[in-house]
Each structure stands twice: as C-alpha cells, then as structure tokens.
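Colleague: One structure coming up, written as structure tokens, with questions to follow.
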Amino acid sequence: MKKSEQVAGNVASYIDDRTGAAGWAKKNLTKVFPDHWSFMLGEIALYSFVILLLSGTFLTFWFDPSQQEVVYNGTYAPLSHVTMSASYASTLHISFDVRGGLLMRQIHHWAALIFMAAIVVHLLRVFFTGAFRKPREANWLIGIGLLTLGIVEGFLGYSLPDDLLSGTGIRIAEAIIQAIPVVGSYLAFFAFGGAFPGHVFIPRIYIVHVLLLPGIFLALITVHLMLVWYQKHTQYPGPGRKETNVVGYPLMPVYMAKAGGFFFIVFGVTAFLGAVASINPIWLYGPYTPGQISAGSQPDWYMGWLDGLVRMAPPLETHAFGHTISWNILIPGLIIPGILFTGMALYPFIESWISGDKNEHHLLDRPRNVPNRTALGAMSLSFMLISLINGGNDVIATHFHLTINGIMWFTRFGLFIVPPIVFIITKRICLSLQRADREIVLHGRETGRLVMTPAGEFLEVHEELTPEQKWTLTQHAQPAALALPSEDAHGTRSKSAGIKGKLRARMSEANASQVAAPTAEQAKELEGGHH
Amino acid sequence: MRVNRFRRNKFAGPVLVVAALLTIGSAFSIASALPSAQKTEVSAQSTLVDEGKQIFLKGCSSCHGLNAEGGAIAPSLIGVGAAAVDFQVGTGRMPMADMSQQAMRKKPIYDAKQTAALAAYVASLAPGPATVDPTSLTWERDGNVAQGGELFRTNCAMCHNFAAQGGALTNGKYAPTLMGVEPQHIYEAMITGPQSMPKFSDKTITPAEKLSIIKWIKSAQSEPAIGGASLGRVGPVTEGLLIWTFGLGLLIAVAVWLATKAR
C-alpha cells in the first residue's frame, strides 16, 4: 500500500469510527438515477440558485438598501450631482466603482432569468410526462411554491436598485395591493409605511429578498430534493423498466461527474452572458421619481404575462358603499393569477379524481398517450404566451410597425379564442401520433425499397420494429372510462350521479377515448407480414 | 359701438386715406434711404421666397393647398414658421412618401438650399419660429448632461423611452428614436411640436435647458455599450428573449449532450 493510500484510509476510518458514515455513503453513493436530458432541467434551476446565492452575497457587500436621499458624485458623469436614493447610488457604485461589480450584477440578474426559465421548463417536463402523479403530489406542490416564490423573489430583486423602471414596477404592485377590495388601501399603507413611495419599502423588501425568501427557498429545495431521493426518480418507459425498479447509472461516479460538470457549464454560460450582454442598465433608466416614466416600461419576462393581462383589461370599476372596486386591476392582477396557480397546484388531485387512478406511478407517460392532459398543458401555455405578447405590446408595436391598439385587441380576443383551438389541435396531434405508433408497430417502418417477386408482383419492404421498440410503443395502460351508474342495485339515485358525478363521468370518458394500442396478439399475428 | 359711430362719420373716409398715404410715403422714403447692401439682402430674401413658392407649388400644394391654407389631409402651414419647415423637410418627413399613421424620417428629398427656400416662403406667410442656426446651438459648451437627463426623463422619456430609442403611441403612431438626429432638428422639434409631439415653449423649457437635453441625448447616443451588447436599450423584453433563445437553448443543448450515451 502506498503512503498516500494509507493516509486516506486512516482519515476514512477515523470518520467512519465516529459517524458510521461508511454504510450511509455506500448505500447512497451507489444510488441509481435514470439518464435523460429532460431530467436535467431542474438541475439548471438548482445550479442557477447556487449562482444567485454566491453573486447575491457579493452584491450585499456594497448595496445600501435605503431610500435616504443622496447626491451622486461617482464615476458615471451623466448622473453627477443628481439627487437620488442611497440604494440607487449604491447600485451605481457597484456598477461603476466596484471592481467586477457590474459583472456580478449582470451575472446575478441573468442567473435569475435562467433560474425562472429553468423552473418553467422543468415544470413543463413534469406536467407533460405525468411525473406529478402519486406518490409525487407533495413534490409538485413544493415545485409550484418555488415557482410562485421565484416570481416574487425576482420582482423584489429587480425592484431594489430604485431606478426609474423598478419604481414603476413597485407602483404597479402598489396598485394591485390597493385593488384588493375593502382592505386594499390599508394593506398598501401598511406595506409602504404610509403613502407611496415612502422610505421604508426598499429596506423591507431587501430583507425579504436576501434573508426570508432565500431561507424558504433553501428549505423547500432541500425537501424537494430529499423527496426525489426518497421516492426515487421517475423514468421513461422502455424494455426492462418497471414501476418497481430504476434503470440508470449510479450517483458515484457517473452522476457526480455529470452534475458537477453541468454546474460549471451553467455557471460558465451565466458568466458569459454577464460579460457580453448588458442587463438592467439602471444608469440609463435614471433614479426613480414618481413623476417620471419611460415609454416601453416592462417587467422581467416571468412577470410579463401578468403585465400583459393588466394592460388588456378593459376599464371597469364599481363604486359601492363608499368603496371603489377596480375590476380592471383586481381581475387581471389577482383573480386570474389566483385561479391559474390554484388550478396548477390542484391539478394532480383533479386528474386522479377524474381517472379514479390511485396507483403509484414511477414510469412516465409519453405526452401523446395522455391527449387531454397534453392538450390542457398546451392550452395553458398558449394563454400565458398571449398574455406575455400583450405585456410587450409597445416594443412589438415599434419594432414590427404594428399598432398597439391592434395588438391589444388581438390579445383580448385571442385570450379566449386561441387556447380552445390549441387544445383541439394538440389533442388531434396526440391522437394522430398514437395512430402513427399503432401503424408502425403493426406494419413496420416503410423502407422505400421495392422488390419484384418472381411472379412479377411488386412489394415494398417494411422493416419490422425490434421487440424493444414495440414494447416501448405499446406498454402504456389505456384505462377504460369509469362506469358511474346513475342508480344502484336498489334503484336509488347514486350519490356520484349528481352534477359532479356526471362531469366526472364525461371527463373520464373523454380521457378514455384514444387510439387503441396494439395488443401483443395483434402484433404477433402480423409479425413478418409484409403489407 | 364707438368704433361703428366713428366709421359712420362722414370724415372717416378722407381721414383714413390721408393717414394711409402718409404711412406709405414715409415708409418708402425710409426704405429708399437704406444702405444698398441691406437692399440686396431684402431682394435676395424675396427671390428666396419666390423660389420657395415655386417648390411649394410643385411639391407641397397638392396636399397643403395652393396658398398653404391646408386641406382635408394636410394642415395649414400659415404661421408654423421656418423652424417647422426646416424640421419636417430637413429630416425627410415631408414630402410624405405614404399616407400611413405618421410621416417617418427618411433621406431628405430637397437639399439644404431648397429647404431654406421653402422655409423662407412659409415664414413669409405669417410669423412663426425661425429656423435654428446650428452654429448658435452651443450645446457642447453650455449644456449640462445630468440636468438634461433629468429634463429628458421628466418631459421626453414617457414617449421616446429612457434611452431615447423611441416608443409606441396609440393607433400605430410612435415617438421616433432620437439616435442620429441633428441637434438643430431636435431643437426645432421641441419648439414646433411636430405630429403628436407637444410644443415645449421657452417658458416650459428654457433655451439653455433645451441645450442640456440635446447634450444628454448626444451623450446617450455616444455612450459605449457598458456591460456588453445593449440589446436595443428597450428594457427587459429583449433580455427575456435572449434568455429563452440563447441562454436556455444552450443549456438544454448541453443537457442533451451530457445525457447522450457514450459510444
């Protein structure tokens, strides 16, 4: 044994003797994870969170979260001797007078955009493959919580510098708080410590941004990952993959290497963006003053859909009993997001209620095999996308020579017309893909090779799929519609046959109407047959 | 009432005639007593007006009317002043190429001399703001960038965007970008209020403040791309676009690569 090995062994047994870590490590370091690129989307979010913690800590060394008025006399000449808040002045200081400060600011902001985008694509993967089904409903809820808090955290983050753009965003946030019926104005006064903008709001959101929310994030992410660990990762269906196993590679060394490498790539891409592309150039926006506004003021993209909804809301207000209810802000700013996020959170429970499926699922769905869910997802995406388009209507109008009113009316109608159309089209595409799967399992792949038999007959050779491929395309269960009798054996009306029961029966029926996957007998019958 | 009674007076006519003759006579004698250099300038001015009128009749009167009195599709130009003409024609907005929402900046159709002639003609119709002499705009010396920035954000950014990149207005109208606009034209736009733009009189924004605004616009224009590619300086929309295309696209490509089985 070499000297170094001996030392390493001594250290290891020293630790093991005191903690018993060897058994734990042996068990966990060999834990198997399935391999697929779409399982790494959540990792992007995790790594950008680490980048956010690191770069954010750097920024706190110089950032002064105060709305105290100061006169700027730093390096950036176009703002010299301008009166501004200390938070804006310190952000300018970070950008121009701290070595690497601007790079860190830009890395922090780009990482935030990547963080949110990665959360969204991760959520889409989980949704479209049915990874939220039992036993992972709790992890789905944690994920929705992380998404929601991420939006809030991002908003608070870019509100901190107190520049003209972020002040405009805070003003809109104040309006949304005020739109809450009856208590709105009291809540706004409470949050701002008086009238807008006051001088307590930025110190308050600072501590929420750097302490409270990151703490909650850390806790939720830990639970999120522990649940993945404990419940084991889902896997795509395929030969040898069962509900009871996990096919993949061990954590050590394969995933350690892959995940470690991926972290540095995410960091690299973020740092590259921070170095070459300007983000949130607050020195151009100028300090916030309630009397000023810039054309084309936009929130960051993850708030853009919300802004788009507010922009398209028609001016509706009700005055009753000395109170004003601003429906034009209440509906797009609170009610619609409330419905969307509640619906999203409850979706696993709604789906299992419709299907009556209470089984555990560790094999993922191919999106085409669950047409209604896939169509619902695509429909919701189109809703968000149309709202997002209206959020950028002014920039779109100037860059594509369109009228802002035209875009607004397009999105006002589009919000109601496009999603149902997307639902129908997506569902048809899913069913067509199912049909294509059936076709290729039963008849094989068309090779385009024509063969003339000695009798003079022409045949196109169809290449049969391998048994593994056939298995992958036909393994999914196609549950029948729930039978919901309106009367039981005694002729009394069943409880489940009310409106709720009828709805459930209809939706379950809709879920069950699919292109039948070929059975093993059908596939066998045609084996070797050329058509 | 009093005026009417005076006009009904039988001496009113003769008195007016005598007064008019006296005025004309004395004005003529003063004019003929002027030094000859000034006389040629006046005549040069009137030739310029004539030239301008000819250009106007050919290029502008079909919309603005034979006497610049305006029409169904074009405003009256009486009283708009030489500054308005210099801005509209000098930036190529007039004559209009198409009758869409608003005249856009393009390559000028008339050269400097023709523009000056048109301006002189329109100025001769009624008094209005005069063409701004670029040499009188000492913005580089007298302007204050920081003050200009504050004025810009208070008065201009709401339409022209925080970095003077332009912005959308209602029904397809827009506030154009101010990048690459001549200082003289920026100044003239402020004093004449072209198209949807309000007029900023010298009482609202003093001439010195106007110079500061010009200085800030020019400083924003020449400011190097601090922090990397500026992404059009239109705010978070292009940032979001970049992250969803390049940023996430690249990271997903890497994920696909990492998950590829070794062959």
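Ligands are numbered from 1 in the order shown, chains are lettered A, B, ... in the order of the structure tokens, and residues start at 1 in each chain.
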Find the residues in chain A near chain B: any atom within 8 Å counts, using only C-alpha atoms. Write them as an MDAnalysis selection string.
Modeller: chainID A and resid 35:38 40:41 44 77:82 102:103 106 110 113:114 117:118 258 262 265:266 269:270 273:280 284:286 291:301 392 394:395 397:398 401:406
Colleague: If you run DSSP on the backbone, which residues of segment 275-313 of chain A are helix (DSSP H, G or I), as a PyMOL selection string?
Modeller: chain A and resi 275-276+282-285+301-312
Colleague: I want to know what sits within 8 Å of segment 107-109 of chain B, based on only C-alpha atoms, with residues of the same chain fewer than 2 positions away left out; could you give that as an MDAnalysis selection string?
Modeller: chainID B and resid 89:95 105 111
Colleague: Taking into account only C-alpha atoms, which residue in the set A:Ile325, A:Leu52, A:Leu309, A:Ile205 is nearest to Ser185 of chain A?
Modeller: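 For Ser185 of chain A, the nearest of the given residues is A:Ile325.
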Colleague: Just how far from atom CA of Ala138 of chain A is atom CA of Gly338 of chain A, in Å to one decimal?
Modeller: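 Separating atom CA of Gly338 of chain A from atom CA of Ala138 of chain A is a distance of 19.4 Å.
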Colleague: What's the 9 Å shell around segment 153-159 of chain A, counting only C-alpha atoms, without same-chain residues fewer than 2 positions away, as a PyMOL selection string?
Modeller: chain A and resi 109+112-113+116+148-151+161-163+165-170+202+205-206+208-210+213-214+280+299-300+302-303
Colleague: Output N, CA and C atoms for every residue in that selection, as a PDB file, in the first residue's frame.
Modeller:
```
ATOM      1  N   HIS A 109     -28.384  38.941 -12.306  1.00  0.00           N
ATOM      2  CA  HIS A 109     -29.668  39.148 -12.996  1.00  0.00           C
ATOM      3  C   HIS A 109     -29.902  38.082 -14.079  1.00  0.00           C
ATOM      4  N   ALA A 112     -30.915  34.963 -12.513  1.00  0.00           N
ATOM      5  CA  ALA A 112     -32.319  34.979 -12.084  1.00  0.00           C
ATOM      6  C   ALA A 112     -33.235  34.625 -13.254  1.00  0.00           C
ATOM      7  N   LEU A 113     -32.925  35.170 -14.431  1.00  0.00           N
ATOM      8  CA  LEU A 113     -33.760  34.858 -15.600  1.00  0.00           C
ATOM      9  C   LEU A 113     -33.632  33.376 -15.962  1.00  0.00           C
ATOM     10  N   MET A 116     -35.623  31.221 -13.391  1.00  0.00           N
ATOM     11  CA  MET A 116     -37.063  31.174 -13.624  1.00  0.00           C
ATOM     12  C   MET A 116     -37.401  30.382 -14.889  1.00  0.00           C
ATOM     13  N   THR A 148     -43.853  30.157  -7.579  1.00  0.00           N
ATOM     14  CA  THR A 148     -44.535  31.372  -7.127  1.00  0.00           C
ATOM     15  C   THR A 148     -43.564  32.278  -6.369  1.00  0.00           C
ATOM     16  N   LEU A 149     -42.817  31.678  -5.440  1.00  0.00           N
ATOM     17  CA  LEU A 149     -41.863  32.481  -4.679  1.00  0.00           C
ATOM     18  C   LEU A 149     -40.764  33.027  -5.582  1.00  0.00           C
ATOM     19  N   GLY A 150     -40.414  32.256  -6.616  1.00  0.00           N
ATOM     20  CA  GLY A 150     -39.390  32.713  -7.556  1.00  0.00           C
ATOM     21  C   GLY A 150     -39.825  33.986  -8.258  1.00  0.00           C
ATOM     22  N   ILE A 151     -41.103  34.026  -8.648  1.00  0.00           N
ATOM     23  CA  ILE A 151     -41.621  35.230  -9.301  1.00  0.00           C
ATOM     24  C   ILE A 151     -41.524  36.415  -8.342  1.00  0.00           C
ATOM     25  N   PRO A 161     -32.860  48.297  -6.812  1.00  0.00           N
ATOM     26  CA  PRO A 161     -31.998  49.430  -7.177  1.00  0.00           C
ATOM     27  C   PRO A 161     -32.712  50.774  -7.185  1.00  0.00           C
ATOM     28  N   ASP A 162     -34.064  50.788  -7.127  1.00  0.00           N
ATOM     29  CA  ASP A 162     -34.804  52.049  -7.063  1.00  0.00           C
ATOM     30  C   ASP A 162     -34.543  52.922  -8.292  1.00  0.00           C
ATOM     31  N   ASP A 163     -34.430  52.273  -9.448  1.00  0.00           N
ATOM     32  CA  ASP A 163     -34.297  53.034 -10.680  1.00  0.00           C
ATOM     33  C   ASP A 163     -35.681  53.323 -11.233  1.00  0.00           C
ATOM     34  N   LEU A 165     -37.280  52.294 -13.835  1.00  0.00           N
ATOM     35  CA  LEU A 165     -38.078  51.147 -14.265  1.00  0.00           C
ATOM     36  C   LEU A 165     -38.619  50.376 -13.066  1.00  0.00           C
ATOM     37  N   SER A 166     -37.760  50.119 -12.077  1.00  0.00           N
ATOM     38  CA  SER A 166     -38.219  49.304 -10.956  1.00  0.00           C
ATOM     39  C   SER A 166     -39.221  50.059 -10.109  1.00  0.00           C
ATOM     40  N   GLY A 167     -39.043  51.373  -9.991  1.00  0.00           N
ATOM     41  CA  GLY A 167     -40.019  52.164  -9.253  1.00  0.00           C
ATOM     42  C   GLY A 167     -41.394  52.077  -9.899  1.00  0.00           C
ATOM     43  N   THR A 168     -41.393  52.055 -11.246  1.00  0.00           N
ATOM     44  CA  THR A 168     -42.655  51.896 -11.965  1.00  0.00           C
ATOM     45  C   THR A 168     -43.290  50.550 -11.620  1.00  0.00           C
ATOM     46  N   GLY A 169     -42.460  49.520 -11.517  1.00  0.00           N
ATOM     47  CA  GLY A 169     -42.969  48.195 -11.160  1.00  0.00           C
ATOM     48  C   GLY A 169     -43.561  48.186  -9.765  1.00  0.00           C
ATOM     49  N   ILE A 170     -42.877  48.856  -8.825  1.00  0.00           N
ATOM     50  CA  ILE A 170     -43.385  48.907  -7.451  1.00  0.00           C
ATOM     51  C   ILE A 170     -44.713  49.663  -7.423  1.00  0.00           C
ATOM     52  N   ILE A 202     -38.154  49.836   0.405  1.00  0.00           N
ATOM     53  CA  ILE A 202     -36.953  49.161  -0.098  1.00  0.00           C
ATOM     54  C   ILE A 202     -36.187  48.456   1.022  1.00  0.00           C
ATOM     55  N   ILE A 205     -38.260  45.221   1.572  1.00  0.00           N
ATOM     56  CA  ILE A 205     -38.165  44.150   0.570  1.00  0.00           C
ATOM     57  C   ILE A 205     -36.730  43.625   0.482  1.00  0.00           C
ATOM     58  N   TYR A 206     -35.783  44.434   0.918  1.00  0.00           N
ATOM     59  CA  TYR A 206     -34.396  43.955   0.901  1.00  0.00           C
ATOM     60  C   TYR A 206     -34.236  42.754   1.825  1.00  0.00           C
ATOM     61  N   VAL A 208     -36.532  40.824   2.895  1.00  0.00           N
ATOM     62  CA  VAL A 208     -37.306  39.703   2.353  1.00  0.00           C
ATOM     63  C   VAL A 208     -36.516  39.030   1.235  1.00  0.00           C
ATOM     64  N   HIS A 209     -35.862  39.877   0.410  1.00  0.00           N
ATOM     65  CA  HIS A 209     -35.151  39.348  -0.758  1.00  0.00           C
ATOM     66  C   HIS A 209     -33.884  38.586  -0.380  1.00  0.00           C
ATOM     67  N   VAL A 210     -33.166  39.072   0.612  1.00  0.00           N
ATOM     68  CA  VAL A 210     -31.868  38.436   0.901  1.00  0.00           C
ATOM     69  C   VAL A 210     -31.913  37.450   2.065  1.00  0.00           C
ATOM     70  N   LEU A 213     -36.903  35.053   1.867  1.00  0.00           N
ATOM     71  CA  LEU A 213     -37.206  34.169   0.736  1.00  0.00           C
ATOM     72  C   LEU A 213     -36.081  33.186   0.427  1.00  0.00           C
ATOM     73  N   PRO A 214     -34.808  33.616   0.421  1.00  0.00           N
ATOM     74  CA  PRO A 214     -33.759  32.610   0.183  1.00  0.00           C
ATOM     75  C   PRO A 214     -33.790  31.500   1.225  1.00  0.00           C
ATOM     76  N   ASN A 280     -30.484  45.090 -17.431  1.00  0.00           N
ATOM     77  CA  ASN A 280     -30.940  46.093 -16.483  1.00  0.00           C
ATOM     78  C   ASN A 280     -29.938  47.247 -16.333  1.00  0.00           C
ATOM     79  N   PRO A 299     -41.883  44.645 -17.150  1.00  0.00           N
ATOM     80  CA  PRO A 299     -41.292  43.834 -16.093  1.00  0.00           C
ATOM     81  C   PRO A 299     -40.383  42.772 -16.719  1.00  0.00           C
ATOM     82  N   ASP A 300     -39.667  42.027 -15.886  1.00  0.00           N
ATOM     83  CA  ASP A 300     -38.908  40.898 -16.411  1.00  0.00           C
ATOM     84  C   ASP A 300     -39.891  39.855 -16.946  1.00  0.00           C
ATOM     85  N   TYR A 302     -40.838  36.827 -16.510  1.00  0.00           N
ATOM     86  CA  TYR A 302     -41.724  35.966 -15.717  1.00  0.00           C
ATOM     87  C   TYR A 302     -42.883  36.733 -15.109  1.00  0.00           C
ATOM     88  N   MET A 303     -42.834  38.076 -15.153  1.00  0.00           N
ATOM     89  CA  MET A 303     -43.971  38.885 -14.729  1.00  0.00           C
ATOM     90  C   MET A 303     -44.703  39.438 -15.946  1.00  0.00           C
TER      91      MET A 303
END
```
Colleague: Looking only at the backbone, which of the residues in segment 36-281 of chain A does DSSP tag as strand (DSSP E), as a list in words?
Modeller: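 In segment 36-281 of chain A, DSSP puts these residues in strand (DSSP E): Glu69, Val70, Val71, Thr83, Met84, Ser85, Tyr249 and Pro250 of chain A.
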Colleague: For Ile389 of chain A, which of A:Gly304, A:Gly377, A:Pro419, A:Gly498 is the closest residue, counting only C-alpha atoms?
Modeller: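 When distances to Ile389 of chain A are compared using only C-alpha atoms, the smallest one comes from A:Gly304.
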Colleague: Pick out the residues sitting within 12 Å of Asp437 of chain A, and hand them over as a PyMOL selection string; count only C-alpha atoms, and ignore anything fewer than 4 positions along from it in its own chain.
Modeller: chain A and resi 366+368-369+430-433+441-445+465+469-476+515-518
Colleague: Report as an mmCIF file with C-alpha atoms, in the first residue's frame all protein, DNA and RNA residues lying within 10 Å of Leu334 of chain A, evaluated on only C-alpha atoms, omitting residues in the same chain fewer than 6 positions from it.
Modeller:
```
data_model
loop_
_atom_site.group_PDB
_atom_site.id
_atom_site.type_symbol
_atom_site.label_atom_id
_atom_site.label_comp_id
_atom_site.auth_asym_id
_atom_site.auth_seq_id
_atom_site.Cartn_x
_atom_site.Cartn_y
_atom_site.Cartn_z
ATOM 1 C CA ILE A 176 -52.531 45.695 -7.254
ATOM 2 C CA ILE A 177 -52.417 45.697 -3.449
ATOM 3 C CA ALA A 179 -57.188 46.795 -5.727
ATOM 4 C CA ILE A 180 -57.972 44.219 -3.038
ATOM 5 C CA LEU A 306 -49.218 39.484 -15.589
ATOM 6 C CA VAL A 310 -53.340 44.167 -16.744
ATOM 7 C CA TRP A 327 -62.062 45.264 -11.591
#
```
Colleague: Taking only C-alpha atoms into account, name the residue in A:Val246, A:Ala505, A:Met226, A:Ile339 that is nearest to Ser355 of chain A.
Modeller: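 Closest to Ser355 of chain A, using only C-alpha atoms: A:Ala505.
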Colleague: In Å, with one decimal, what is the gap from atom CA of Ile336 of chain A to atom CA of Leu212 of chain A?
Modeller: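 Value for the atom CA of Ile336 of chain A-atom CA of Leu212 of chain A distance: 26.5 Å.
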Colleague: With only C-alpha atoms as the counted atoms, please give the residues lying no more than 6 Å from segment 85-93 of chain A, apart from itself and same-chain residues fewer than 4 positions off, as number ranges by chain.
Modeller: A: 63-70, 97, 161-162
Colleague: Go ahead and save the picked residues with N, CA, C and O atoms, as a PDB file, in the first residue's frame.
Modeller:
```
ATOM      1  N   PHE A  63     -24.236  47.049  -1.491  1.00  0.00           N
ATOM      2  CA  PHE A  63     -25.568  47.614  -1.693  1.00  0.00           C
ATOM      3  C   PHE A  63     -26.104  48.213  -0.396  1.00  0.00           C
ATOM      4  O   PHE A  63     -25.992  47.623   0.674  1.00  0.00           O
ATOM      5  N   ASP A  64     -26.689  49.393  -0.506  1.00  0.00           N
ATOM      6  CA  ASP A  64     -27.238  50.082   0.661  1.00  0.00           C
ATOM      7  C   ASP A  64     -28.748  50.224   0.462  1.00  0.00           C
ATOM      8  O   ASP A  64     -29.202  51.086  -0.285  1.00  0.00           O
ATOM      9  N   PRO A  65     -29.544  49.371   1.117  1.00  0.00           N
ATOM     10  CA  PRO A  65     -30.989  49.391   0.874  1.00  0.00           C
ATOM     11  C   PRO A  65     -31.665  50.525   1.616  1.00  0.00           C
ATOM     12  O   PRO A  65     -32.374  50.300   2.587  1.00  0.00           O
ATOM     13  N   SER A  66     -31.443  51.735   1.175  1.00  0.00           N
ATOM     14  CA  SER A  66     -32.003  52.863   1.893  1.00  0.00           C
ATOM     15  C   SER A  66     -32.598  53.850   0.906  1.00  0.00           C
ATOM     16  O   SER A  66     -32.057  54.075  -0.172  1.00  0.00           O
ATOM     17  N   GLN A  67     -33.727  54.430   1.288  1.00  0.00           N
ATOM     18  CA  GLN A  67     -34.327  55.445   0.422  1.00  0.00           C
ATOM     19  C   GLN A  67     -33.938  56.849   0.872  1.00  0.00           C
ATOM     20  O   GLN A  67     -34.556  57.835   0.489  1.00  0.00           O
ATOM     21  N   GLN A  68     -32.895  56.908   1.667  1.00  0.00           N
ATOM     22  CA  GLN A  68     -32.300  58.188   2.068  1.00  0.00           C
ATOM     23  C   GLN A  68     -31.840  58.930   0.822  1.00  0.00           C
ATOM     24  O   GLN A  68     -31.214  58.339  -0.055  1.00  0.00           O
ATOM     25  N   GLU A  69     -32.149  60.235   0.742  1.00  0.00           N
ATOM     26  CA  GLU A  69     -31.741  60.986  -0.450  1.00  0.00           C
ATOM     27  C   GLU A  69     -30.265  61.347  -0.376  1.00  0.00           C
ATOM     28  O   GLU A  69     -29.788  61.828   0.647  1.00  0.00           O
ATOM     29  N   VAL A  70     -29.547  61.088  -1.457  1.00  0.00           N
ATOM     30  CA  VAL A  70     -28.134  61.460  -1.517  1.00  0.00           C
ATOM     31  C   VAL A  70     -27.882  62.160  -2.849  1.00  0.00           C
ATOM     32  O   VAL A  70     -28.699  62.093  -3.755  1.00  0.00           O
ATOM     33  N   ASP A  97     -17.890  51.567  -9.804  1.00  0.00           N
ATOM     34  CA  ASP A  97     -16.720  51.814  -8.966  1.00  0.00           C
ATOM     35  C   ASP A  97     -16.232  50.608  -8.169  1.00  0.00           C
ATOM     36  O   ASP A  97     -15.230  50.703  -7.478  1.00  0.00           O
ATOM     37  N   PRO A 161     -32.860  48.297  -6.812  1.00  0.00           N
ATOM     38  CA  PRO A 161     -31.998  49.430  -7.177  1.00  0.00           C
ATOM     39  C   PRO A 161     -32.712  50.774  -7.185  1.00  0.00           C
ATOM     40  O   PRO A 161     -32.068  51.807  -7.258  1.00  0.00           O
ATOM     41  N   ASP A 162     -34.064  50.788  -7.127  1.00  0.00           N
ATOM     42  CA  ASP A 162     -34.804  52.049  -7.063  1.00  0.00           C
ATOM     43  C   ASP A 162     -34.543  52.922  -8.292  1.00  0.00           C
ATOM     44  O   ASP A 162     -34.425  54.134  -8.182  1.00  0.00           O
TER      45      ASP A 162
END
```
